[in-house]
$ cat data_34.txt   # compact mmCIF, C-alpha atoms
# COMPACT_ATOMS: atom_id res chain seq x y z
CA MET A 10 0.00 0.00 0.00
CA ALA A 11 2.86 2.40 0.81
CA VAL A 12 4.37 1.82 -2.64
CA ARG A 13 1.09 2.74 -4.31
CA GLN A 14 0.75 5.93 -2.28
CA LYS A 15 4.31 6.91 -3.15
CA ALA A 16 3.63 6.31 -6.88
CA VAL A 17 0.42 8.35 -6.76
CA ALA A 18 2.24 11.16 -4.94
CA THR A 19 5.02 11.32 -7.54
CA LEU A 20 2.66 11.20 -10.53
CA PRO A 21 1.90 14.98 -10.62
CA THR A 22 5.62 15.77 -10.40
CA LEU A 23 6.36 13.35 -13.23
CA MET A 24 3.62 14.83 -15.42
CA ARG A 25 4.94 18.39 -14.89
CA ALA A 26 8.46 17.25 -15.79
CA LEU A 27 7.27 15.54 -18.98
CA ARG A 28 5.31 18.62 -20.08
CA LYS A 29 8.35 20.84 -19.66
CA GLU A 30 10.66 18.54 -21.60
CA LEU A 31 8.50 17.85 -24.66
CA PRO A 32 10.69 18.20 -27.74
CA SER A 33 9.58 20.76 -30.27
CA ILE A 34 8.66 19.19 -33.60
CA PRO A 35 9.68 21.50 -36.46
CA GLN A 36 7.33 19.93 -39.01
CA ARG A 37 4.51 17.45 -39.16
CA LEU A 38 5.47 13.83 -39.14
CA PRO A 39 4.71 12.05 -42.41
CA SER A 40 1.72 9.76 -42.51
CA LEU A 41 2.25 6.05 -42.97
CA ARG A 42 0.68 6.34 -46.41
CA ARG A 43 3.36 8.88 -47.42
CA GLY A 44 6.06 6.83 -45.71
CA PHE A 45 5.37 3.82 -47.90
CA SER A 46 4.43 5.47 -51.18
CA LEU A 47 6.17 5.04 -54.51
CA TYR A 48 7.32 8.66 -54.34
CA ASP A 49 9.96 7.74 -51.80
CA GLN A 50 11.57 5.26 -54.18
CA VAL A 51 12.22 2.78 -51.42
CA ASN A 52 14.57 -0.03 -52.37
CA LEU A 53 12.28 -2.98 -51.58
CA ILE A 54 14.75 -5.73 -52.39
CA ASP A 55 18.13 -6.08 -50.70
CA ASN A 56 21.34 -6.82 -52.58
CA VAL A 57 20.40 -5.11 -55.84
CA PRO A 58 23.37 -5.29 -58.24
CA GLU A 59 25.38 -2.07 -58.46
CA ASP A 60 25.12 -1.96 -62.26
CA GLN A 61 21.32 -1.96 -62.13
CA LEU A 62 19.68 1.35 -63.06
CA ARG A 63 17.95 3.15 -60.20
CA PHE A 64 16.25 6.51 -60.42
CA GLN A 65 17.25 8.45 -57.33
CA GLY A 66 15.67 11.82 -58.06
CA TYR A 67 14.11 14.11 -60.60
CA THR A 68 13.97 17.81 -61.40
CA ASP A 69 11.86 19.85 -63.77
CA THR A 70 14.52 19.34 -66.45
CA GLY A 71 15.94 15.86 -65.87
CA PHE A 72 16.66 12.89 -63.64
CA THR A 73 19.32 11.49 -61.33
CA VAL A 74 20.17 7.89 -62.14
CA ASN A 75 22.77 5.95 -60.13
CA GLY A 76 24.21 9.21 -58.81
CA VAL A 77 24.55 10.87 -62.22
CA GLU A 78 22.36 13.82 -63.25
CA TYR A 79 20.87 13.66 -66.75
CA GLU A 80 19.15 16.56 -68.50
CA GLY A 81 16.19 16.00 -70.80
CA SER A 82 14.12 12.94 -71.65
CA LEU A 83 15.40 9.42 -71.06
CA LEU A 84 14.69 6.02 -72.54
CA CYS A 85 15.49 2.96 -70.41
CA VAL A 86 15.34 -0.63 -71.53
CA GLY A 87 16.35 -3.05 -68.79
CA ASN A 88 19.64 -1.55 -67.60
CA LEU A 89 20.37 0.40 -70.79
CA LEU A 90 19.95 4.17 -70.47
CA LEU A 91 19.63 6.40 -73.54
CA SER A 92 19.01 10.07 -74.15
CA TRP A 93 15.62 10.46 -75.82
CA THR A 94 14.70 13.30 -78.20
CA PRO A 95 11.02 14.08 -77.38
CA LYS A 96 10.60 17.21 -75.25
CA LYS A 97 6.80 17.00 -74.79
CA MET A 98 3.98 14.52 -75.39
CA SER A 99 3.27 15.79 -78.91
CA ASP A 100 6.90 14.99 -79.86
CA ILE A 101 6.42 11.29 -79.11
CA THR A 102 5.98 9.54 -82.44
CA LEU A 103 6.18 6.01 -83.80
CA ASP A 104 9.69 6.88 -84.98
CA SER A 105 10.81 7.95 -81.49
CA LEU A 106 9.68 4.55 -80.17
CA SER A 107 10.98 2.48 -83.10
CA ILE A 108 13.74 0.98 -80.92
CA PHE A 109 11.10 -1.39 -79.56
CA GLN A 110 10.87 -3.10 -82.96
CA ALA A 111 14.46 -4.30 -82.52
CA VAL A 112 14.88 -4.82 -78.76
CA ARG A 113 15.08 -8.44 -77.62
CA PRO A 114 13.88 -9.72 -75.27
CA ILE A 115 10.76 -7.61 -75.56
CA PRO A 116 10.01 -5.80 -72.29
CA GLU A 117 6.75 -6.87 -70.71
CA ILE A 118 5.74 -3.26 -70.05
CA LEU A 119 6.62 0.24 -71.24
CA ILE A 120 6.17 2.87 -68.57
CA LEU A 121 5.59 6.21 -70.26
CA GLY A 122 6.41 9.17 -68.00
CA THR A 123 4.28 12.04 -69.28
CA GLY A 124 5.84 14.89 -67.27
CA ARG A 125 4.09 16.60 -64.37
CA TYR A 126 0.58 15.38 -65.21
CA ILE A 127 -0.88 12.22 -66.68
CA GLN A 128 -1.67 12.91 -70.33
CA PRO A 129 -3.55 10.89 -72.94
CA VAL A 130 -1.50 8.75 -75.31
CA ASP A 131 -2.09 8.99 -79.06
CA PRO A 132 -4.14 5.92 -80.13
CA GLU A 133 -1.61 5.12 -82.89
CA ILE A 134 1.21 5.01 -80.34
CA ARG A 135 -0.85 2.84 -78.01
CA LYS A 136 -1.64 0.47 -80.89
CA PHE A 137 2.05 0.33 -81.90
CA ILE A 138 3.21 -0.49 -78.36
CA LEU A 139 0.60 -3.21 -77.98
CA SER A 140 1.60 -4.66 -81.38
CA THR A 141 5.16 -5.20 -80.09
CA GLY A 142 3.81 -7.40 -77.29
CA MET A 143 4.32 -4.87 -74.50
CA LYS A 144 1.75 -3.41 -72.16
CA LEU A 145 1.63 0.38 -71.83
CA GLU A 146 1.29 2.38 -68.64
CA ALA A 147 1.20 6.18 -69.01
CA ILE A 148 1.67 8.03 -65.71
CA ASP A 149 3.38 11.18 -64.45
CA SER A 150 7.18 11.00 -64.59
CA ARG A 151 7.67 10.96 -60.81
CA ASN A 152 5.58 7.81 -60.42
CA ALA A 153 6.95 6.36 -63.66
CA SER A 154 10.54 6.47 -62.39
CA SER A 155 9.55 4.88 -59.08
CA THR A 156 7.53 2.17 -60.81
CA TYR A 157 10.49 1.45 -63.08
CA ASN A 158 12.73 1.05 -60.02
CA ILE A 159 10.39 -1.41 -58.36
CA LEU A 160 9.79 -3.56 -61.44
CA ASN A 161 13.48 -3.52 -62.38
CA GLU A 162 14.48 -4.52 -58.84
CA GLU A 163 12.05 -7.43 -59.06
CA GLY A 164 14.04 -8.65 -62.07
CA ARG A 165 11.25 -8.02 -64.56
CA ILE A 166 12.05 -6.92 -68.10
CA VAL A 167 10.78 -3.37 -68.15
CA ALA A 168 11.22 -0.26 -70.28
CA ALA A 169 10.62 3.39 -69.48
CA ALA A 170 10.28 6.42 -71.74
CA LEU A 171 10.38 9.48 -69.51
CA LEU A 172 9.79 13.15 -70.18
CA PRO A 173 11.21 15.52 -67.53
CA TYR A 174 8.87 16.30 -64.63
CA GLY A 175 8.60 19.98 -65.62
CA VAL A 176 6.78 19.11 -68.86
CA SER A 177 3.11 19.95 -68.43
CA SER A 178 1.66 19.91 -71.96

$ encode --input "data_34.txt" --output "structure tokens"
Amino acid sequence: MAVRQKAVATLPTLMRALRKELPSIPQRLPSLRRGFSLYDQVNLIDNVPEDQLRFQGYTDTGFTVNGVEYEGSLLCVGNLLLSWTPKKMSDITLDSLSIFQAVRPIPEILILGTGRYIQPVDPEIRKFILSTGMKLEAIDSRNASSTYNILNEEGRIVAAALLPYGVSS
């Protein structure tokens, strides 16, 4: 009984001490949804080979891949990284995607990064991509680069055609 009375007597003192020592939080803590989103480009699989392409960041004008900053649009097939000429969605033509007629093995999916916003894909381009045997996913470039990372880390044969994030039309 004496132990309980002593604990009850010290409780107000403990509460005052805790209130005084609360650390100040400079910004809101991220939600769990944000903590586990594709935006964070979390490496989900351990022991990924060093030569495997990984998007680590993006800007309005380019991307950071394996620690190297690249300006402009990029085309990735497996672990091959190429500069890509289109600057906006209207520049994407059958000719700019003609590499997929020659690439073997054929990637199972082409992730098309459309810039800042998701934009519609020309029906002819969609038909061409499907005729090669690939699936097509058109999403904003931030999510496209993260999706590429995840699928590539899983060992899937994937391709990405990415416009810089600053492209909005």

$ closest_residue --input "data_34.txt" --among "A:Pro132, A:Pro116, A:Gly142, A:Gly81" --to "Thr102 (chain A)" --atoms "all atoms listed in the file"
A:Pro132

$ closest_residue --input "data_34.txt" --among "A:Thr73, A:Asn88, A:Ser140, A:Tyr79" --to "Leu160 (chain A)" --atoms "all atoms listed in the file"
A:Asn88

$ closest_residue --input "data_34.txt" --among "A:Glu133, A:Ile159, A:Asn75, A:Leu172" --to "Ala147 (chain A)" --atoms "only C-alpha atoms"
A:Leu172

$ atom_distance --input "data_34.txt" --atom1 "CA of Tyr126 (chain A)" --atom2 "CA of Glu163 (chain A)"
26.3 Å

$ atom_distance --input "data_34.txt" --atom1 "CA of Leu121 (chain A)" --atom2 "CA of Asp60 (chain A)"
22.6 Å

$ atom_distance --input "data_34.txt" --atom1 "CA of Pro173 (chain A)" --atom2 "CA of Ala111 (chain A)"
25.1 Å

$ residues_around --input "data_34.txt" --residues "Val112 (chain A)" --least-positions-apart "2" --cutoff "12 Å" --atoms "all atoms listed in the file" --output "PyMOL selection string"
chain A and resi 85-87+89+106-110+114-117+141-143+166-168

$ closest_residue --input "data_34.txt" --among "A:Asp104, A:Glu78, A:Glu59, A:Asp149" --to "Gln128 (chain A)" --atoms "all atoms listed in the file"
A:Asp149

$ residues_around --input "data_34.txt" --residues "Ala170 (chain A)" --least-positions-apart "6" --cutoff "12 Å" --atoms "all atoms listed in the file" --output "PyMOL selection string"
chain A and resi 81-87+89-98+101-102+105-106+108-109+118-124+138+145-150+153-154+157

$ closest_residue --input "data_34.txt" --among "A:Ala169, A:Leu20, A:Ser155, A:Asn161" --to "Phe64 (chain A)" --atoms "all atoms listed in the file"
A:Ser155

$ closest_residue --input "data_34.txt" --among "A:Arg25, A:Ser99, A:Asn158, A:Val176" --to "Val74 (chain A)" --atoms "only C-alpha atoms"
A:Asn158

$ axis_aligned_box --input "data_34.txt" --around "region 59-70 of chain A" --padding-each-side "4 Å" --output "lines of an AutoDock Vina configuration file"
center_x = 18.6
center_y = 8.9
center_z = -61.9
size_x = 21.5
size_y = 29.9
size_z = 17.1
